[in-house]
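Okay, target-v6.tsv is below, TSV, C-alpha atoms:
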```tsv
chain	number	residue	atom	x	y	z
M	157	MET	CA	-32.59	-17.88	31.98
M	158	SER	CA	-34.42	-19.84	29.30
M	159	VAL	CA	-36.58	-17.99	26.82
M	160	ILE	CA	-39.78	-19.77	27.89
M	161	LEU	CA	-39.13	-18.92	31.55
M	162	THR	CA	-38.53	-15.25	30.68
M	163	PHE	CA	-41.77	-15.21	28.73
M	164	LEU	CA	-43.78	-16.78	31.57
M	165	LEU	CA	-42.26	-14.46	34.17
M	166	ILE	CA	-43.17	-11.38	32.12
M	167	LEU	CA	-46.66	-12.79	31.59
M	168	ILE	CA	-47.20	-13.40	35.32
M	169	PHE	CA	-45.83	-9.99	36.33
M	170	SER	CA	-48.04	-8.37	33.67
M	171	ILE	CA	-51.16	-10.09	34.99
M	172	LEU	CA	-50.23	-8.82	38.45
M	173	ALA	CA	-49.67	-5.28	37.11
M	174	GLY	CA	-52.99	-5.31	35.23
M	175	PHE	CA	-54.77	-6.54	38.36
M	176	LEU	CA	-53.20	-3.90	40.63
M	177	GLY	CA	-53.69	-1.21	38.01
M	178	SER	CA	-57.40	-1.83	37.67
M	179	LEU	CA	-57.95	-2.04	41.44
M	180	THR	CA	-56.30	1.33	41.98
M	181	GLY	CA	-57.82	2.79	38.83
M	182	LEU	CA	-54.44	3.82	37.47
M	183	GLY	CA	-54.21	1.33	34.64
M	184	GLY	CA	-51.68	-1.42	34.04
M	185	GLY	CA	-48.75	0.62	32.75
M	186	THR	CA	-48.23	2.64	35.91
M	187	VAL	CA	-47.51	-0.55	37.85
M	188	LEU	CA	-46.00	-2.47	34.94
M	189	VAL	CA	-43.03	-0.21	34.16
M	190	PRO	CA	-41.60	-0.27	37.72
M	191	ILE	CA	-42.06	-4.04	37.95
M	192	LEU	CA	-40.39	-4.71	34.59
M	193	THR	CA	-37.46	-2.38	35.18
M	194	LEU	CA	-36.87	-2.97	38.91
M	195	TYR	CA	-37.43	-6.73	39.11
M	196	LEU	CA	-36.85	-8.16	35.63
M	197	GLY	CA	-33.96	-5.98	34.50
M	198	ILE	CA	-35.73	-4.86	31.35
M	199	PRO	CA	-34.33	-1.60	29.90
M	200	ILE	CA	-36.68	1.31	30.61
M	201	ILE	CA	-37.04	2.06	26.88
M	202	TYR	CA	-38.53	-1.39	26.23
M	203	ALA	CA	-40.54	-1.35	29.47
M	204	THR	CA	-42.28	1.90	28.53
M	205	GLY	CA	-42.82	0.67	24.94
M	206	SER	CA	-44.50	-2.54	26.11
M	207	SER	CA	-46.47	-0.61	28.68
M	208	LEU	CA	-47.86	1.80	26.09
M	209	ILE	CA	-48.98	-1.13	23.91
M	210	SER	CA	-50.67	-2.87	26.85
M	211	THR	CA	-52.44	0.39	27.68
M	212	ILE	CA	-54.17	0.33	24.28
M	213	ALA	CA	-55.37	-3.24	24.86
M	214	THR	CA	-56.88	-2.54	28.28
M	215	SER	CA	-58.38	0.77	27.23
M	216	SER	CA	-60.06	-0.63	24.12
M	217	GLY	CA	-61.20	-3.72	26.00
M	218	SER	CA	-62.93	-1.92	28.84
M	219	ALA	CA	-64.01	1.17	26.87
M	220	SER	CA	-66.04	-1.14	24.63
M	221	ALA	CA	-68.36	-2.05	27.52
M	222	TYR	CA	-68.66	1.48	28.95
M	223	VAL	CA	-69.47	3.01	25.55
M	224	LYS	CA	-72.15	0.40	24.95
M	225	GLU	CA	-73.71	1.19	28.33
M	226	ARG	CA	-73.70	4.91	27.36
M	227	ILE	CA	-71.78	5.94	30.49
M	228	THR	CA	-68.83	7.32	28.51
M	229	SER	CA	-69.27	10.79	27.06
M	230	VAL	CA	-68.04	10.32	23.50
M	231	ARG	CA	-68.31	14.05	22.78
M	232	ILE	CA	-66.35	15.20	25.84
M	233	GLY	CA	-63.79	12.47	25.13
M	234	ILE	CA	-63.07	13.44	21.54
M	235	SER	CA	-63.04	17.17	22.31
M	236	LEU	CA	-60.30	16.64	24.90
M	237	GLU	CA	-58.34	14.24	22.70
M	238	ILE	CA	-57.17	17.26	20.68
M	239	ALA	CA	-54.99	18.06	23.68
M	240	THR	CA	-54.01	14.52	24.72
M	241	THR	CA	-52.79	13.59	21.22
M	242	THR	CA	-50.82	16.84	20.87
M	243	GLY	CA	-49.33	16.30	24.34
M	244	SER	CA	-48.46	12.73	23.47
M	245	ILE	CA	-46.54	13.76	20.34
M	246	VAL	CA	-44.56	16.35	22.33
M	247	GLY	CA	-43.97	13.84	25.17
M	248	SER	CA	-42.77	11.04	22.86
M	249	LEU	CA	-40.37	13.38	21.07
M	250	THR	CA	-39.12	14.71	24.41
M	251	VAL	CA	-38.33	11.23	25.71
M	252	ALA	CA	-36.61	10.38	22.41
M	253	TYR	CA	-34.39	13.42	22.97
M	254	ILE	CA	-33.73	12.38	26.59
M	255	TYR	CA	-32.70	8.88	25.48
M	256	SER	CA	-30.50	10.28	22.72
M	257	LEU	CA	-28.59	12.16	25.42
M	258	HIS	CA	-28.44	8.95	27.53
M	259	LEU	CA	-30.28	10.57	30.42
M	260	GLU	CA	-32.37	7.48	31.26
M	261	TYR	CA	-32.11	8.24	34.97
M	262	LEU	CA	-34.35	11.28	34.43
M	263	VAL	CA	-37.15	9.02	33.18
M	264	TYR	CA	-36.88	6.87	36.33
M	265	ILE	CA	-37.10	9.93	38.58
M	266	VAL	CA	-40.04	11.50	36.72
M	267	PHE	CA	-41.80	8.12	36.73
M	268	GLY	CA	-41.33	7.80	40.49
M	269	ILE	CA	-42.65	11.31	41.10
M	270	VAL	CA	-45.71	10.72	38.89
M	271	LEU	CA	-46.37	7.45	40.74
M	272	LEU	CA	-46.25	9.18	44.14
M	273	PHE	CA	-48.49	12.01	42.94
M	274	SER	CA	-51.01	9.51	41.54
M	275	ILE	CA	-51.75	8.26	45.03
M	276	TYR	CA	-53.54	11.40	46.13
M	277	PRO	CA	-56.35	11.53	43.53
M	278	THR	CA	-56.76	7.76	43.84
M	279	LEU	CA	-57.26	8.09	47.60
M	280	LYS	CA	-59.63	10.98	47.05
M	281	LYS	CA	-61.62	8.95	44.54
M	282	MET	CA	-62.21	6.27	47.14
M	283	SER	CA	-64.17	8.70	49.27
M	284	GLY	CA	-66.63	8.90	46.35
M	285	GLU	CA	-67.79	12.50	46.68
M	286	PHE	CA	-70.10	14.10	44.14
M	287	PRO	CA	-68.99	17.40	42.66
M	288	SER	CA	-71.01	20.41	43.78
M	289	PRO	CA	-72.92	21.73	40.76
M	290	ARG	CA	-71.52	24.70	38.86
M	291	PRO	CA	-73.51	26.79	36.41
M	292	PRO	CA	-72.87	26.00	32.72
M	293	ASP	CA	-70.38	28.39	31.11
M	294	TRP	CA	-69.77	29.44	27.50
M	295	THR	CA	-67.79	26.27	26.73
M	296	THR	CA	-70.64	24.10	27.99
M	297	LYS	CA	-72.99	25.70	25.48
M	298	LEU	CA	-70.56	26.06	22.58
M	299	LEU	CA	-69.34	22.47	22.74
M	300	ASN	CA	-72.63	21.00	23.92
M	301	LEU	CA	-71.04	19.33	26.95
M	302	TYR	CA	-74.35	18.07	28.31
M	303	GLY	CA	-74.96	14.39	28.96
M	304	GLU	CA	-76.79	11.81	30.99
M	305	TYR	CA	-76.31	8.22	32.07
M	306	TYR	CA	-78.33	5.59	33.86
M	307	ASP	CA	-77.17	4.76	37.38
M	308	PRO	CA	-78.46	1.28	38.28
M	309	ALA	CA	-77.38	1.63	41.94
M	310	ASN	CA	-79.92	4.40	42.57
M	311	ASN	CA	-82.23	3.51	39.65
M	312	THR	CA	-82.03	7.06	38.33
M	313	THR	CA	-80.84	8.85	35.22
M	314	VAL	CA	-78.09	11.28	36.18
M	315	LYS	CA	-77.95	14.46	34.13
M	316	TYR	CA	-74.67	16.36	34.07
M	317	TRP	CA	-72.70	18.99	32.18
M	318	GLY	CA	-69.06	19.91	31.84
M	319	VAL	CA	-67.64	23.38	32.53
M	320	ARG	CA	-64.26	25.10	31.98
M	321	TRP	CA	-63.41	23.02	28.90
M	322	TRP	CA	-60.30	25.15	28.31
M	323	LEU	CA	-58.95	24.20	31.74
M	324	GLY	CA	-59.66	20.54	31.02
M	325	LEU	CA	-57.78	20.97	27.76
M	326	ILE	CA	-54.67	22.32	29.54
M	327	VAL	CA	-54.64	19.42	32.01
M	328	MET	CA	-55.16	16.97	29.14
M	329	PHE	CA	-52.15	18.31	27.29
M	330	PHE	CA	-50.03	17.41	30.31
M	331	ALA	CA	-51.75	14.03	30.60
M	332	GLY	CA	-50.82	13.34	26.98
M	333	PHE	CA	-47.29	14.62	27.56
M	334	ILE	CA	-46.79	12.29	30.55
M	335	SER	CA	-48.30	9.42	28.54
M	336	GLY	CA	-45.81	9.94	25.71
M	337	LEU	CA	-42.93	10.53	28.11
M	338	LEU	CA	-43.47	7.51	30.35
M	339	GLY	CA	-45.46	5.08	28.20
M	340	ILE	CA	-48.45	5.03	30.52
M	341	GLY	CA	-52.12	5.90	30.03
M	342	SER	CA	-51.87	8.63	32.67
M	343	GLY	CA	-55.46	7.98	33.69
M	344	ALA	CA	-54.99	9.70	37.05
M	345	LEU	CA	-54.23	13.04	35.36
M	346	LYS	CA	-57.10	12.59	32.90
M	347	VAL	CA	-59.50	11.94	35.75
M	348	LEU	CA	-58.14	15.01	37.52
M	349	GLY	CA	-58.77	17.13	34.45
M	350	MET	CA	-62.37	16.06	34.09
M	351	ASP	CA	-63.22	15.75	37.76
M	352	TYR	CA	-61.68	18.92	39.18
M	353	ALA	CA	-61.46	21.17	36.14
M	354	MET	CA	-64.67	20.23	34.33
M	355	ASN	CA	-66.77	19.22	37.33
M	356	LEU	CA	-68.02	15.96	35.84
M	357	PRO	CA	-69.42	13.04	37.87
M	358	MET	CA	-66.90	10.34	38.76
M	359	LYS	CA	-68.52	7.60	36.68
M	360	VAL	CA	-68.36	9.72	33.53
M	361	THR	CA	-64.82	10.86	34.37
M	362	THR	CA	-63.32	7.40	34.85
M	363	THR	CA	-65.01	5.78	31.85
M	364	THR	CA	-64.33	8.71	29.52
M	365	SER	CA	-60.70	8.80	30.68
M	366	ASN	CA	-60.50	5.09	29.85
M	367	PHE	CA	-61.99	5.74	26.41
M	368	MET	CA	-59.42	8.47	25.72
M	369	ILE	CA	-56.39	6.48	26.88
M	370	GLY	CA	-56.43	4.23	23.79
M	371	VAL	CA	-56.23	7.18	21.40
M	372	THR	CA	-53.50	8.91	23.44
M	373	ALA	CA	-51.48	5.70	23.62
M	374	ALA	CA	-51.93	4.90	19.92
M	375	THR	CA	-50.51	8.35	19.10
M	376	GLY	CA	-47.45	7.80	21.28
M	377	SER	CA	-46.94	4.25	20.08
M	378	GLY	CA	-46.69	5.42	16.46
M	379	ILE	CA	-43.55	7.34	17.40
M	380	TYR	CA	-42.35	4.61	19.80
M	381	TRP	CA	-42.71	2.08	16.96
M	382	ALA	CA	-40.55	4.13	14.58
M	383	LEU	CA	-37.89	4.68	17.23
M	384	GLY	CA	-37.75	0.97	18.06
M	385	TYR	CA	-38.96	1.18	21.67
M	386	ILE	CA	-41.32	-1.75	21.16
M	387	GLN	CA	-39.73	-5.18	21.55
M	388	PRO	CA	-42.18	-7.80	20.18
M	389	PHE	CA	-41.13	-10.54	22.60
M	390	LEU	CA	-41.79	-8.24	25.58
M	391	ALA	CA	-44.84	-6.50	24.16
M	392	ALA	CA	-46.63	-9.81	23.44
M	393	PRO	CA	-46.80	-11.16	27.04
M	394	THR	CA	-47.41	-7.70	28.53
M	395	ALA	CA	-50.36	-6.95	26.22
M	396	ILE	CA	-51.93	-10.34	26.96
M	397	GLY	CA	-51.04	-10.30	30.68
M	398	VAL	CA	-52.17	-6.75	31.51
M	399	LEU	CA	-55.45	-7.30	29.65
M	400	VAL	CA	-56.17	-10.53	31.55
M	401	GLY	CA	-55.10	-9.00	34.87
M	402	SER	CA	-57.27	-5.94	34.44
M	403	LEU	CA	-60.31	-8.00	33.43
M	404	VAL	CA	-59.93	-10.05	36.63
M	405	GLY	CA	-59.30	-6.86	38.62
M	406	THR	CA	-62.49	-5.24	37.34
M	407	ARG	CA	-64.53	-8.28	38.42
M	408	VAL	CA	-62.93	-8.31	41.85
M	409	LEU	CA	-63.34	-4.56	42.27
M	410	VAL	CA	-67.14	-4.84	42.14
M	411	ARG	CA	-67.07	-7.14	45.17
M	412	LEU	CA	-64.20	-5.41	46.91
M	413	LYS	CA	-65.97	-2.93	49.16
M	414	ASN	CA	-63.32	-2.80	51.85
M	415	LYS	CA	-61.43	0.45	51.31
M	416	ARG	CA	-58.62	-0.67	53.59
M	417	ILE	CA	-57.64	-3.42	51.17
M	418	ARG	CA	-57.43	-0.88	48.36
M	419	ALA	CA	-55.37	1.37	50.62
M	420	VAL	CA	-52.84	-1.45	50.90
M	421	PHE	CA	-52.45	-1.36	47.12
M	422	LEU	CA	-51.74	2.34	47.33
M	423	VAL	CA	-48.95	1.62	49.80
M	424	ILE	CA	-47.47	-0.75	47.18
M	425	LEU	CA	-47.65	2.10	44.65
M	426	GLY	CA	-45.84	4.41	47.06
M	427	PHE	CA	-43.18	1.76	47.58
M	428	LEU	CA	-42.67	1.35	43.80
M	429	GLY	CA	-42.57	5.13	43.34
M	430	ILE	CA	-39.82	5.57	45.94
M	431	GLN	CA	-37.86	2.67	44.43
M	432	MET	CA	-38.05	4.25	40.96
M	433	ILE	CA	-36.69	7.55	42.30
M	434	LEU	CA	-33.90	5.74	44.14
M	435	ARG	CA	-33.05	3.81	40.97
M	436	GLY	CA	-32.90	7.09	39.07
M	437	LEU	CA	-30.55	8.54	41.69
M	438	GLY	CA	-28.40	5.43	41.39
M	439	VAL	CA	-29.04	4.30	44.98
M	440	PHE	CA	-31.10	1.15	44.31
Y	160	MET	CA	-77.17	0.93	14.88
Y	161	GLU	CA	-76.14	3.99	16.87
Y	162	ILE	CA	-72.54	5.25	16.80
Y	163	GLU	CA	-71.93	4.11	20.40
Y	164	ASP	CA	-72.69	0.51	19.39
Y	165	VAL	CA	-70.55	0.74	16.26
Y	166	ILE	CA	-67.61	2.04	18.32
Y	167	SER	CA	-68.14	-0.56	21.01
Y	168	TYR	CA	-68.06	-3.42	18.47
Y	169	SER	CA	-65.08	-2.01	16.58
Y	170	LEU	CA	-63.09	-1.76	19.82
Y	171	ILE	CA	-63.83	-5.29	20.95
Y	172	ILE	CA	-63.21	-6.77	17.48
Y	173	GLY	CA	-59.87	-4.93	17.29
Y	174	VAL	CA	-58.72	-6.18	20.69
Y	175	VAL	CA	-59.83	-9.78	20.16
Y	176	LEU	CA	-58.26	-9.92	16.69
Y	177	SER	CA	-54.97	-8.41	17.82
Y	178	ILE	CA	-54.65	-10.62	20.90
Y	179	ALA	CA	-55.47	-13.69	18.75
Y	180	LEU	CA	-52.70	-12.69	16.29
Y	181	VAL	CA	-50.22	-12.08	19.12
Y	182	VAL	CA	-51.02	-15.41	20.81
Y	183	ALA	CA	-50.72	-17.26	17.48
Y	184	GLY	CA	-47.43	-15.42	16.85
Y	185	VAL	CA	-45.97	-16.45	20.19
Y	186	ALA	CA	-47.01	-20.10	19.58
Y	187	LEU	CA	-45.47	-20.07	16.08
Y	188	LEU	CA	-42.32	-18.40	17.42
Y	189	PHE	CA	-41.79	-21.21	19.92
Y	190	VAL	CA	-42.74	-23.95	17.43
Y	191	HIS	CA	-40.32	-22.68	14.77
Y	192	GLY	CA	-37.66	-21.65	17.30
Y	193	GLY	CA	-37.52	-18.14	15.84
Y	194	GLY	CA	-38.90	-15.80	13.20
Y	195	GLN	CA	-37.90	-13.34	10.43
Y	196	GLY	CA	-34.60	-15.18	10.11
Y	197	LEU	CA	-33.70	-14.69	13.78
Y	198	THR	CA	-33.31	-17.39	16.42
Y	199	ILE	CA	-35.55	-17.37	19.48
Y	200	SER	CA	-32.63	-16.56	21.78
Y	201	GLN	CA	-31.83	-13.48	19.68
Y	202	ILE	CA	-35.45	-12.33	19.92
Y	203	GLY	CA	-36.20	-13.46	23.46
Y	204	SER	CA	-33.59	-11.81	25.66
Y	205	VAL	CA	-34.73	-8.81	27.70
Y	206	LYS	CA	-32.06	-6.59	26.13
Y	207	SER	CA	-32.60	-7.98	22.61
Y	208	PRO	CA	-31.67	-5.62	19.76
Y	209	VAL	CA	-34.70	-6.94	17.84
Y	210	ASN	CA	-37.46	-4.31	17.93
Y	211	THR	CA	-39.93	-2.40	15.82
Y	212	SER	CA	-37.16	-0.34	14.19
Y	213	THR	CA	-35.49	-3.51	12.84
Y	214	THR	CA	-38.53	-4.64	10.86
Y	215	THR	CA	-40.61	-3.22	7.99
Y	216	PRO	CA	-44.26	-3.57	7.00
Y	217	THR	CA	-43.08	-5.48	3.88
Y	218	LYS	CA	-41.24	-8.03	6.04
Y	219	VAL	CA	-44.30	-8.38	8.30
Y	220	PHE	CA	-46.78	-8.95	5.48
Y	221	SER	CA	-44.53	-11.32	3.56
Y	222	GLY	CA	-44.04	-13.33	6.77
Y	223	ILE	CA	-47.76	-13.96	7.30
Y	224	PRO	CA	-48.32	-16.60	4.55
Y	225	LYS	CA	-45.12	-18.32	5.73
Y	226	LEU	CA	-46.65	-18.60	9.22
Y	227	ASP	CA	-43.75	-16.61	10.64
Y	228	GLY	CA	-44.29	-16.08	14.39
Y	229	LEU	CA	-42.56	-12.71	14.68
Y	230	SER	CA	-44.59	-11.32	11.76
Y	231	PHE	CA	-47.81	-12.46	13.45
Y	232	ILE	CA	-46.85	-10.66	16.67
Y	233	TYR	CA	-46.01	-7.47	14.76
Y	234	LEU	CA	-49.27	-7.65	12.81
Y	235	GLY	CA	-51.19	-8.14	16.08
Y	236	LEU	CA	-49.52	-5.03	17.53
Y	237	MET	CA	-50.35	-3.07	14.36
Y	238	VAL	CA	-54.02	-4.08	14.61
Y	239	LEU	CA	-53.98	-3.04	18.28
Y	240	ILE	CA	-52.60	0.42	17.45
Y	241	ALA	CA	-55.05	0.77	14.54
Y	242	THR	CA	-58.10	0.05	16.74
Y	243	PRO	CA	-58.33	3.49	18.42
Y	244	VAL	CA	-57.46	5.17	15.11
Y	245	ILE	CA	-60.43	3.48	13.43
Y	246	ARG	CA	-62.55	4.52	16.40
Y	247	VAL	CA	-61.69	8.19	15.76
Y	248	ALA	CA	-62.30	7.79	12.00
Y	249	LEU	CA	-65.76	6.35	12.76
Y	250	LEU	CA	-66.52	9.40	14.89
Y	251	VAL	CA	-65.46	11.78	12.12
Y	252	ALA	CA	-67.83	9.99	9.74
Y	253	ASP	CA	-70.70	10.06	12.26
Y	254	PHE	CA	-70.33	13.78	13.03
Y	255	MET	CA	-70.22	14.48	9.29
Y	256	LYS	CA	-73.35	12.43	8.74
Y	257	ASN	CA	-75.15	14.40	11.47
Y	258	LYS	CA	-73.89	17.69	9.95
Y	259	ASP	CA	-72.26	18.64	13.25
Y	260	VAL	CA	-69.63	21.01	11.81
Y	261	LEU	CA	-67.83	21.86	15.06
Y	262	TYR	CA	-67.42	18.24	16.12
Y	263	THR	CA	-66.48	17.14	12.60
Y	264	VAL	CA	-63.61	19.62	12.75
Y	265	ILE	CA	-62.65	18.58	16.30
Y	266	SER	CA	-62.59	14.86	15.52
Y	267	ALA	CA	-60.77	15.47	12.23
Y	268	VAL	CA	-58.03	17.37	14.12
Y	269	VAL	CA	-57.65	14.39	16.47
Y	270	LEU	CA	-57.42	12.01	13.50
Y	271	ILE	CA	-54.83	14.22	11.78
Y	272	ASN	CA	-52.79	14.34	15.01
Y	273	ILE	CA	-52.67	10.54	15.22
Y	274	LEU	CA	-51.83	10.15	11.54
Y	275	ILE	CA	-49.02	12.70	11.91
Y	276	ALA	CA	-47.64	10.71	14.86
Y	277	ILE	CA	-47.82	7.41	12.98
Y	278	PHE	CA	-46.75	8.44	9.47
Y	279	ILE	CA	-45.15	11.91	9.35
Y	280	VAL	CA	-43.07	12.17	12.55
Y	281	PRO	CA	-41.25	8.82	11.91
Y	282	ILE	CA	-40.11	10.10	8.48
Y	283	LEU	CA	-38.83	13.34	10.04
Y	284	ILE	CA	-37.02	11.49	12.85
Y	285	ARG	CA	-35.32	8.98	10.56
Y	286	LYS	CA	-33.80	11.73	8.43
```
The structure in this file should be written as structure tokens.
Amino acid sequence: MSVILTFLLILIFSILAGFLGSLTGLGGGTVLVPILTLYLGIPIIYATGSSLISTIATSSGSASAYVKERITSVRIGISLEIATTTGSIVGSLTVAYIYSLHLEYLVYIVFGIVLLFSIYPTLKKMSGEFPSPRPPDWTTKLLNLYGEYYDPANNTTVKYWGVRWWLGLIVMFFAGFISGLLGIGSGALKVLGMDYAMNLPMKVTTTTSNFMIGVTAATGSGIYWALGYIQPFLAAPTAIGVLVGSLVGTRVLVRLKNKRIRAVFLVILGFLGIQMILRGLGVF
Amino acid sequence: MEIEDVISYSLIIGVVLSIALVVAGVALLFVHGGGQGLTISQIGSVKSPVNTSTTTPTKVFSGIPKLDGLSFIYLGLMVLIATPVIRVALLVADFMKNKDVLYTVISAVVLINILIAIFIVPILIRK
């Protein structure tokens, strides 16, 4: 295969991954790694390295807009990043150890499992429920986890507060760990931590998760860089492609009201998840 | 300008700059048929041994004035990784300015974590 063709193929698959990732709310990397490894024969080390890099691009790109609109809670974000960055360091070192033992198949299996588990919160998110209010606790007051944002759909300012910061912190450690281990943003876990543990409204959760992903991924990519998991020729088209794909996806998402169409994308995720597990078991 | 706006601009500038460098790098790589003394077929295969562990910051920066494609891609990736780090550093400065002790400490811990991952851990691993 010629070099130009390889480049274009990776670019096209990355655009597709970015598009699917933004429609499902999981981010580009979650879809990108299976596509690169299963269909383009790229070693999983390089696939996860490129994915982590592309995650920074999409996070920074979209976080810029959300922060400007004051939907993202900068304070909640940074307070949880203590855990995501720590988790990411532990995760990156763990995967380095796994690779040094040549246990790549483990990464495939864990990736597949994470992919399958991501479907549930994504489905749940589509139902768009509001959390039932909980009284502020000591962490709410100590860390000043109060905030508000303007909701143009209802023309109101929504006031909110976070609770159980410590529980959010525990979930975020695992989100960071998975991010370092698999080279993804692990947005689904971050959303879970803020939505379920801290009882924050969905709009704040998703945008703050997005804001945090860049910092988590930058932490992991420092270690990935030193270990040589980032291949420039693969990272270049994936960073460009996933960014473009997710920008298109975000535009389409606004118009895409039909939940059944989004459910189809979740079926694709399930399919990729099962394939990753089968690859790890040496079946596919 | 409020901190939210500063962060928002720094993020978008970082992404645009890094993508511009990466795109320029890819173009130069194809025009020159390689980079950093390697041919494009050595760099471009999916299982290529060329990666971030086979380059150094010195090589990258010395390649820039020579319009070396691979160096441009690496620099673009460095800028991309630096973007969120700068974002955290801006927050540390803002919390300090507002004399918010708790959040200055929190954001400083995050910054230290990232800097450990980028500068300290690699030294420990390579030993």
Near-segment 257-274 of chain Y list (12 Å; only C-alpha atoms; drop same-chain fewer than 4 positions) as a tab-separated table (two decimals) with C-alpha atoms, keeping the file's coordinate frame:
```
chain	number	residue	atom	x	y	z
M	230	VAL	CA	-68.04	10.32	23.50
M	231	ARG	CA	-68.31	14.05	22.78
M	232	ILE	CA	-66.35	15.20	25.84
M	233	GLY	CA	-63.79	12.47	25.13
M	234	ILE	CA	-63.07	13.44	21.54
M	235	SER	CA	-63.04	17.17	22.31
M	236	LEU	CA	-60.30	16.64	24.90
M	237	GLU	CA	-58.34	14.24	22.70
M	238	ILE	CA	-57.17	17.26	20.68
M	239	ALA	CA	-54.99	18.06	23.68
M	240	THR	CA	-54.01	14.52	24.72
M	241	THR	CA	-52.79	13.59	21.22
M	242	THR	CA	-50.82	16.84	20.87
M	243	GLY	CA	-49.33	16.30	24.34
M	244	SER	CA	-48.46	12.73	23.47
M	245	ILE	CA	-46.54	13.76	20.34
M	246	VAL	CA	-44.56	16.35	22.33
M	298	LEU	CA	-70.56	26.06	22.58
M	299	LEU	CA	-69.34	22.47	22.74
M	300	ASN	CA	-72.63	21.00	23.92
M	301	LEU	CA	-71.04	19.33	26.95
M	368	MET	CA	-59.42	8.47	25.72
M	370	GLY	CA	-56.43	4.23	23.79
M	371	VAL	CA	-56.23	7.18	21.40
M	372	THR	CA	-53.50	8.91	23.44
M	373	ALA	CA	-51.48	5.70	23.62
M	374	ALA	CA	-51.93	4.90	19.92
M	375	THR	CA	-50.51	8.35	19.10
M	376	GLY	CA	-47.45	7.80	21.28
M	377	SER	CA	-46.94	4.25	20.08
M	378	GLY	CA	-46.69	5.42	16.46
M	379	ILE	CA	-43.55	7.34	17.40
Y	161	GLU	CA	-76.14	3.99	16.87
Y	162	ILE	CA	-72.54	5.25	16.80
Y	240	ILE	CA	-52.60	0.42	17.45
Y	241	ALA	CA	-55.05	0.77	14.54
Y	242	THR	CA	-58.10	0.05	16.74
Y	243	PRO	CA	-58.33	3.49	18.42
Y	244	VAL	CA	-57.46	5.17	15.11
Y	245	ILE	CA	-60.43	3.48	13.43
Y	246	ARG	CA	-62.55	4.52	16.40
Y	247	VAL	CA	-61.69	8.19	15.76
Y	248	ALA	CA	-62.30	7.79	12.00
Y	249	LEU	CA	-65.76	6.35	12.76
Y	250	LEU	CA	-66.52	9.40	14.89
Y	251	VAL	CA	-65.46	11.78	12.12
Y	252	ALA	CA	-67.83	9.99	9.74
Y	253	ASP	CA	-70.70	10.06	12.26
Y	278	PHE	CA	-46.75	8.44	9.47
Y	279	ILE	CA	-45.15	11.91	9.35
Y	280	VAL	CA	-43.07	12.17	12.55
Y	281	PRO	CA	-41.25	8.82	11.91
```
| query | Skipping near chain neighbours, those fewer than 6 positions away, what residues fall within 6 Å of segment 194-196 of chain Y using all atoms listed in the file, listed as a PyMOL selection string? | reply | chain Y and resi 227-229
Contact check, chain Y to chain M, at most 6 Å, counting only C-alpha atoms, closest pairs as CSV:
```
residue,atom,partner,partner_atom,distance
Y:Glu163,CA,M:Val223,CA,5.8
Y:Asp164,CA,M:Lys224,CA,5.6
Y:Ser167,CA,M:Ser220,CA,4.2
Y:Leu170,CA,M:Ser216,CA,5.4
Y:Ile171,CA,M:Gly217,CA,5.9
Y:Gly203,CA,M:Val159,CA,5.7
Y:Val205,CA,M:Ile198,CA,5.5
Y:Asn210,CA,M:Gln387,CA,4.4
Y:Thr211,CA,M:Gly384,CA,4.6
Y:Ser212,CA,M:Gly384,CA,4.1
Y:Ile240,CA,M:Ala374,CA,5.2
Y:Pro243,CA,M:Val371,CA,5.2
Y:Val269,CA,M:Ile238,CA,5.1
Y:Ile273,CA,M:Thr375,CA,5.0
Y:Ala276,CA,M:Gly378,CA,5.6
Y:Ile277,CA,M:Gly378,CA,4.2
Y:Pro281,CA,M:Ala382,CA,5.4
```
| For Ile326 of chain M, which residue out of M:Leu403, M:Ala353, M:Leu179, M:Ile275 is the nearest one, using all atoms listed in the file? |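 Ranked by minimum distance to Ile326 of chain M, first place goes to M:Ala353.
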| message | For Leu356 of chain M, find every residue with an atom within 9 Å (counting only C-alpha atoms), except residues of its own chain fewer than 2 positions away, and show them as a PyMOL selection string. | response | chain M and resi 286-287+316-319+350-354+358-361
Residues from last step as file, C-alpha atoms, as a compact mmCIF listing (two decimals), in the frame of the given file:
```txt
# COMPACT_ATOMS: atom_id res chain seq x y z
CA PHE M 286 -70.10 14.10 44.14
CA PRO M 287 -68.99 17.40 42.66
CA TYR M 316 -74.67 16.36 34.07
CA TRP M 317 -72.70 18.99 32.18
CA GLY M 318 -69.06 19.91 31.84
CA VAL M 319 -67.64 23.38 32.53
CA MET M 350 -62.37 16.06 34.09
CA ASP M 351 -63.22 15.75 37.76
CA TYR M 352 -61.68 18.92 39.18
CA ALA M 353 -61.46 21.17 36.14
CA MET M 354 -64.67 20.23 34.33
CA MET M 358 -66.90 10.34 38.76
CA LYS M 359 -68.52 7.60 36.68
CA VAL M 360 -68.36 9.72 33.53
CA THR M 361 -64.82 10.86 34.37
```
| request: Work out how far atom CA of Ile433 of chain M is from atom CA of Gly349 of chain M, in Å to one decimal. | output: 25.3 Å
| query | Nearest to Thr394 of chain M: which of Y:Ser169, Y:Val175, Y:Leu188, Y:Val181 is it, counting all atoms listed in the file? | reply |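 For Thr394 of chain M, the nearest of the given residues is Y:Val181.
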| Suppose you want the space between atom CA of Ile227 of chain M and atom CA of Ala173 of chain M; what is it in Å? |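 Interatomic distance, atom CA of Ile227 of chain M to atom CA of Ala173 of chain M: 25.7 Å.
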| said: If we draw a sphere of 7 Å around (-55.1, 6.8, 33.4), which residues have at least one atom in it when counting all atoms listed in the file? Please report them as a VMD selection string. | reply: chain M and resid 182 to 183 341 to 346 365 to 366 369
